[in-house]
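Chemist: Dropping the structure in here first, questions after.
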Amino acid sequence: MRLKIAVLAGDGIGPEVTREATNILRAVAELGGHEFTFVEGLLGGVAITATGSPLPTATLDAALDSDAVLLGAVGDNKFNALPPDKRPEAGLLQIRQALGGFANLRPSIAYKALSASSPLRPEVTENVDILFVRELLGGLYFGAPREWNKETNEAINTMRYTRDEVVRVARVAFELAGKRRKKVTSVDKANVLEVSQLWRATVTEVAKDYPGVTLEHQLVDSMAMHIMNTPRNFDVVLTENLFGDILSDEAGVITGSLGMLPSATIGGAVNLYEPVHGSAPDIAGTGKANPLGAILTAAMVLRHSANLEQDARAVEQAVHQVLDAGYRTADIARGSQAGQQTVTTQEMGKRVHQALTESIDRRQSMHAV
Ligand code: IPM
Ligand code: MN
C-alpha cells in the first residue's frame, strides 16, 4: 500500500500533536510493509507569518497532489484583530473548500477508563458512541453575501443550502448508520428557518432509500440538551455546518476532553483529516497537549484513505490500552487518582506507539504459525 500524505501541522499545539500522529502512521507503514510518504506544508498563522497568506499556493498544490491531508490545528491570537478572511482560520476554510470533502465525520465515544474525566455521571456516558456527520462546505461558513459594513453598522452572513448539498451529505449519514446501530438523528431549526425546512424535507426524502435505518428529527436547541441528558440514544447525528461545529464541541464533554476527538472529511478529491480541537496557544510547547485526538485522526486516515481497517482498529485499541493502563495527559487527568500517571504529549505518543507495535507484532506472529 502506497500513500502520499500532506502534513499541515499549523499553529500552537498543532505541530506537537501531529508529530505523534505521524509517528504512529510511520510505525504502521513499517510493520505492514507499506510505503507512506509525508510532505510538509504551511497553513494558518505560521503560513501568514512566512508568506503573507494563510493558504500559500505551494501548500494547496501539495495538498491536491496527495492522497490524504493530515492537519494539526490553526489559530493564533496574534491575528485576532484581522477580519475573518485574513485570519489563520481562513486558510482552513479555503483548503476545506479546495479539497471538496463535504462530510465531516466526528466520532464521539465514551472511554470507560475516562469516566471520571467527564463532568457527566458514568451511568450517563457509559457505552456512548455517537458519530456526527457535519456538513462542511455550506451554511453560514460559506454563504454569500457576507460583510461587516462599518458605515451602516450592519453585518450579514448567509445560511444557504441547496437540495443537492443536503442529499449528498445525508446519503453519507445513512450509509454509515447502516453499518452501525441503524439510526440517524437529523438536526435543524425547522421551526424558524427556511433552510432547515429544506434540510428536513430533503433528509426525509433521502431516508426512503434506506428502509433499514430509522430517521428522527431534532431541533438544535433541544438536541444540545439531549446530548447531555441521554447521549446513549444517539447513533449517527447529521447536522449542517455551524450546528455540527457547536454540537461536536459539546460532545467532547462526553469523552472528557476535546483533546480526544478526531475527524475525517470525505467525499471530495482528497480526504482531509484533522483533530476537532484547536491550536490551544496557551499550552503550546509545554508538553501538556493531548496527542490522542491527532493519533485517533491518524487511525481515520488508515480507515478511510488506506483501507487498512485492521490497523485503524489496532491504533484505536492501543489508545484504549494506554488509557486503561492509567496514562493521562493533563486535560484528562483527574486529581491524583490511584493508578494514574500524568504524562507529556511525547510520552503519551510513545506509550501508544509501544502498545500498537506489540499488537501488530502479535497479529503477525499469529499469521506466521
Ligand atoms: C472546527 C473548528 C473550525 C470550524 C474553525 C477553526 C474554523 O472550530 O474544525 O471545528 O469552525 O470549523
Ligand atoms: Mn469547532
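By order of appearance in the C-alpha cells: chains A, B, ..., then residues from 1 within every chain, and ligands from 1 in the order shown.
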Show me, as an MDAnalysis selection string, the residues that have an atom within 10 Å of Arg313 of chain A when counting only C-alpha atoms, minus same-chain residues fewer than 6 positions from it.
Modeler: chainID A and resid 296 299:300 302:303 319 356
Chemist: Give me a file of those residues, with all heavy atoms, as a PDB file, in the first residue's frame.
Modeler:
```
ATOM      1  N   LEU A 296      -5.900   9.424  16.992  1.00  0.00           N
ATOM      2  CA  LEU A 296      -7.148   8.798  16.533  1.00  0.00           C
ATOM      3  C   LEU A 296      -7.516   9.305  15.135  1.00  0.00           C
ATOM      4  O   LEU A 296      -8.171   8.601  14.358  1.00  0.00           O
ATOM      5  CB  LEU A 296      -8.270   9.063  17.542  1.00  0.00           C
ATOM      6  CG  LEU A 296      -8.077   8.353  18.898  1.00  0.00           C
ATOM      7  CD1 LEU A 296      -9.018   8.925  19.955  1.00  0.00           C
ATOM      8  CD2 LEU A 296      -8.287   6.838  18.766  1.00  0.00           C
ATOM      9  N   ALA A 299      -5.721   7.163  12.824  1.00  0.00           N
ATOM     10  CA  ALA A 299      -6.468   5.905  12.623  1.00  0.00           C
ATOM     11  C   ALA A 299      -7.515   6.080  11.535  1.00  0.00           C
ATOM     12  O   ALA A 299      -7.756   5.172  10.729  1.00  0.00           O
ATOM     13  CB  ALA A 299      -7.128   5.466  13.939  1.00  0.00           C
ATOM     14  N   MET A 300      -8.127   7.271  11.496  1.00  0.00           N
ATOM     15  CA  MET A 300      -9.137   7.524  10.456  1.00  0.00           C
ATOM     16  C   MET A 300      -8.494   7.606   9.075  1.00  0.00           C
ATOM     17  O   MET A 300      -9.104   7.229   8.075  1.00  0.00           O
ATOM     18  CB  MET A 300      -9.941   8.782  10.781  1.00  0.00           C
ATOM     19  CG  MET A 300     -10.776   8.626  12.054  1.00  0.00           C
ATOM     20  SD  MET A 300     -11.926  10.000  12.359  1.00  0.00           S
ATOM     21  CE  MET A 300     -13.409   9.441  11.505  1.00  0.00           C
ATOM     22  N   LEU A 302      -5.994   5.745   8.177  1.00  0.00           N
ATOM     23  CA  LEU A 302      -5.814   4.330   7.824  1.00  0.00           C
ATOM     24  C   LEU A 302      -7.127   3.725   7.336  1.00  0.00           C
ATOM     25  O   LEU A 302      -7.168   2.973   6.379  1.00  0.00           O
ATOM     26  CB  LEU A 302      -5.283   3.552   9.034  1.00  0.00           C
ATOM     27  CG  LEU A 302      -3.899   3.992   9.539  1.00  0.00           C
ATOM     28  CD1 LEU A 302      -3.576   3.324  10.869  1.00  0.00           C
ATOM     29  CD2 LEU A 302      -2.826   3.669   8.492  1.00  0.00           C
ATOM     30  N   ARG A 303      -8.226   4.099   8.002  1.00  0.00           N
ATOM     31  CA  ARG A 303      -9.531   3.534   7.670  1.00  0.00           C
ATOM     32  C   ARG A 303     -10.064   4.069   6.346  1.00  0.00           C
ATOM     33  O   ARG A 303     -10.502   3.305   5.492  1.00  0.00           O
ATOM     34  CB  ARG A 303     -10.528   3.849   8.801  1.00  0.00           C
ATOM     35  CG  ARG A 303     -11.990   3.477   8.493  1.00  0.00           C
ATOM     36  CD  ARG A 303     -12.861   3.532   9.736  1.00  0.00           C
ATOM     37  NE  ARG A 303     -12.403   2.583  10.728  1.00  0.00           N
ATOM     38  CZ  ARG A 303     -12.105   2.882  11.991  1.00  0.00           C
ATOM     39  NH1 ARG A 303     -12.231   4.124  12.434  1.00  0.00           N
ATOM     40  NH2 ARG A 303     -11.686   1.952  12.818  1.00  0.00           N
ATOM     41  N   VAL A 319      -4.890   2.975  21.939  1.00  0.00           N
ATOM     42  CA  VAL A 319      -5.293   4.135  22.740  1.00  0.00           C
ATOM     43  C   VAL A 319      -6.088   3.672  23.969  1.00  0.00           C
ATOM     44  O   VAL A 319      -5.827   4.108  25.093  1.00  0.00           O
ATOM     45  CB  VAL A 319      -6.102   5.148  21.890  1.00  0.00           C
ATOM     46  CG1 VAL A 319      -6.756   6.211  22.766  1.00  0.00           C
ATOM     47  CG2 VAL A 319      -5.207   5.802  20.839  1.00  0.00           C
ATOM     48  N   LEU A 356       0.816  -0.322  20.213  1.00  0.00           N
ATOM     49  CA  LEU A 356       0.479  -0.641  18.822  1.00  0.00           C
ATOM     50  C   LEU A 356       1.475  -1.637  18.230  1.00  0.00           C
ATOM     51  O   LEU A 356       1.087  -2.621  17.591  1.00  0.00           O
ATOM     52  CB  LEU A 356       0.472   0.645  18.000  1.00  0.00           C
ATOM     53  CG  LEU A 356       0.285   0.480  16.499  1.00  0.00           C
ATOM     54  CD1 LEU A 356      -1.149   0.069  16.197  1.00  0.00           C
ATOM     55  CD2 LEU A 356       0.614   1.772  15.755  1.00  0.00           C
TER      56      LEU A 356
END
```
Chemist: Residues within 8 Å of segment 215-219 of chain A, please, as a VMD selection string. Count only C-alpha atoms; anything in the same chain fewer than 6 positions from it doesn't count.
Modeler: chain A and resid 183 to 191 200 204 207
Chemist: Excluding Ala155 of chain A and residues on its chain fewer than 4 positions from it, collect all residues at most 10 Å away from it, counting only C-alpha atoms, and give them as number ranges by chain.
Modeler: A: 145-150
Chemist: Quick one: DSSP strand (DSSP E or B) residues in segment 204-237 of chain A, as a PDB file with N, CA, C and O atoms, in the first residue's frame?
Modeler:
```
ATOM      1  N   THR A 214     -33.549   3.981  10.807  1.00  0.00           N
ATOM      2  CA  THR A 214     -34.581   4.842  11.391  1.00  0.00           C
ATOM      3  C   THR A 214     -34.116   6.293  11.347  1.00  0.00           C
ATOM      4  O   THR A 214     -32.966   6.579  11.654  1.00  0.00           O
ATOM      5  N   LEU A 215     -35.028   7.187  10.985  1.00  0.00           N
ATOM      6  CA  LEU A 215     -34.702   8.621  10.976  1.00  0.00           C
ATOM      7  C   LEU A 215     -35.520   9.337  12.036  1.00  0.00           C
ATOM      8  O   LEU A 215     -36.726   9.124  12.156  1.00  0.00           O
ATOM      9  N   GLU A 216     -34.854  10.193  12.827  1.00  0.00           N
ATOM     10  CA  GLU A 216     -35.599  11.109  13.691  1.00  0.00           C
ATOM     11  C   GLU A 216     -35.072  12.522  13.474  1.00  0.00           C
ATOM     12  O   GLU A 216     -33.930  12.703  13.060  1.00  0.00           O
ATOM     13  N   HIS A 217     -35.919  13.508  13.704  1.00  0.00           N
ATOM     14  CA  HIS A 217     -35.517  14.900  13.570  1.00  0.00           C
ATOM     15  C   HIS A 217     -35.467  15.526  14.954  1.00  0.00           C
ATOM     16  O   HIS A 217     -36.336  15.252  15.786  1.00  0.00           O
ATOM     17  N   GLN A 218     -34.474  16.363  15.189  1.00  0.00           N
ATOM     18  CA  GLN A 218     -34.394  17.095  16.457  1.00  0.00           C
ATOM     19  C   GLN A 218     -34.098  18.554  16.152  1.00  0.00           C
ATOM     20  O   GLN A 218     -33.272  18.852  15.281  1.00  0.00           O
ATOM     21  N   LEU A 219     -34.732  19.435  16.892  1.00  0.00           N
ATOM     22  CA  LEU A 219     -34.380  20.852  16.801  1.00  0.00           C
ATOM     23  C   LEU A 219     -33.063  21.053  17.542  1.00  0.00           C
ATOM     24  O   LEU A 219     -32.824  20.413  18.573  1.00  0.00           O
ATOM     25  N   VAL A 236     -25.941   7.958  14.623  1.00  0.00           N
ATOM     26  CA  VAL A 236     -25.382   8.933  13.690  1.00  0.00           C
ATOM     27  C   VAL A 236     -26.180  10.225  13.825  1.00  0.00           C
ATOM     28  O   VAL A 236     -27.411  10.203  13.796  1.00  0.00           O
ATOM     29  N   VAL A 237     -25.496  11.336  14.006  1.00  0.00           N
ATOM     30  CA  VAL A 237     -26.147  12.641  14.128  1.00  0.00           C
ATOM     31  C   VAL A 237     -25.741  13.497  12.931  1.00  0.00           C
ATOM     32  O   VAL A 237     -24.563  13.773  12.725  1.00  0.00           O
TER      33      VAL A 237
END
```
Chemist: If we count only C-alpha atoms, what is near Gly278 of chain A at a cut-off of 9 Å, once residues fewer than 2 positions away on the same chain are taken out, given as JSON, numbers by chain?
Modeler: {"A": [11, 12, 13, 14, 72, 73, 74, 75, 258, 259, 275, 276, 280, 281]}
Chemist: Considering only C-alpha atoms and all ligand atoms, tabulate each residue of chain A that lies at most 9 Å from ligand 1 along with its nearest interatomic pair and the corresponding distance in Å to one decimal; arrange the rows by chain and ascending residue number and present them as a tab-separated table.
Modeler:
```
residue	atom	partner	partner_atom_place_in_ligand_line	distance
A:Ala73	CA	ligand 1	6 (C)	7.5
A:Val74	CA	ligand 1	6 (C)	6.2
A:Gly75	CA	ligand 1	6 (C)	6.7
A:Pro88	CA	ligand 1	6 (C)	8.3
A:Glu89	CA	ligand 1	7 (C)	4.8
A:Ala90	CA	ligand 1	7 (C)	7.1
A:Gly91	CA	ligand 1	7 (C)	8.7
A:Leu92	CA	ligand 1	7 (C)	6.4
A:Leu93	CA	ligand 1	7 (C)	6.4
A:Leu136	CA	ligand 1	12 (O)	7.5
A:Tyr141	CA	ligand 1	11 (O)	8.0
A:Asn241	CA	ligand 1	12 (O)	7.6
A:Leu242	CA	ligand 1	11 (O)	7.2
A:Gly244	CA	ligand 1	10 (O)	8.1
A:Asp245	CA	ligand 1	10 (O)	4.9
A:Ile246	CA	ligand 1	10 (O)	7.7
A:Ser248	CA	ligand 1	10 (O)	7.6
A:Asp249	CA	ligand 1	10 (O)	7.4
A:Ser263	CA	ligand 1	9 (O)	8.6
A:Glu274	CA	ligand 1	9 (O)	7.5
A:Pro275	CA	ligand 1	9 (O)	7.7
A:Val276	CA	ligand 1	9 (O)	5.4
A:His277	CA	ligand 1	1 (C)	7.0
A:Gly278	CA	ligand 1	6 (C)	6.4
A:Ser279	CA	ligand 1	6 (C)	8.5
```
Chemist: Check the smallest atom-to-atom distance from each of A:Leu176, A:Leu70, A:Leu247, A:Leu292 to ligand 2 using only C-alpha atoms and all ligand atoms, then report the winner.
Modeler: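 When distances to ligand 2 are compared using only C-alpha atoms and all ligand atoms, the smallest one comes from A:Leu247.
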Chemist: Please run DSSP on the backbone and report, as a PyMOL selection string, all residues within segment 130-286 of chain A that come out as alpha helix (DSSP H).
Modeler: chain A and resi 163-178+194-207+220-229+241-255
Chemist: Which one of A:Pro262, A:Gly10, A:Gly212, A:Pro231 sits closest to ligand 2 if you count only C-alpha atoms and all ligand atoms?
Modeler: A:Pro262
Chemist: Which residues are close to Lys208 of chain A, i.e. within 12 Å by only C-alpha atoms, leaving aside same-chain residues fewer than 5 positions away? Reply as JSON, numbers by chain.
Modeler: {"A": [167, 170, 171, 174, 201, 202, 203, 213, 214, 215]}
Chemist: With distances taken over only C-alpha atoms, which residue among A:Leu60, A:Val28, A:Ala264, A:Val253 lies nearest Ile360 of chain A?
Modeler: A:Val28
Chemist: Just checking: using only C-alpha atoms, which residue out of A:Asn271, A:Ser118, A:Thr158, A:Ser305 ends up closest to Asn104 of chain A?
Modeler: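 For Asn104 of chain A, the nearest of the candidates is A:Asn271.
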Chemist: Can you tell me, as an MDAnalysis selection string, what residues are no more than 7 Å from segment 105-112 of chain A when counting only C-alpha atoms, ignoring any on the same chain fewer than 3 positions away?
Modeler: chainID A and resid 115 125:134 251:252 254:255 261:265
Chemist: Just checking: using only C-alpha atoms, which residue out of A:Arg180, A:Lys78, A:Arg168, A:His353 ends up closest to Gln317 of chain A?
Modeler: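 Among the listed residues, A:His353 lies closest to Gln317 of chain A.
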Chemist: Quick check, in Å to one decimal: how far apart do atom CA of Val322 of chain A and atom 1 (Mn, counted along the ligand's line) of ligand 2 lie?
Modeler: 26.5 Å
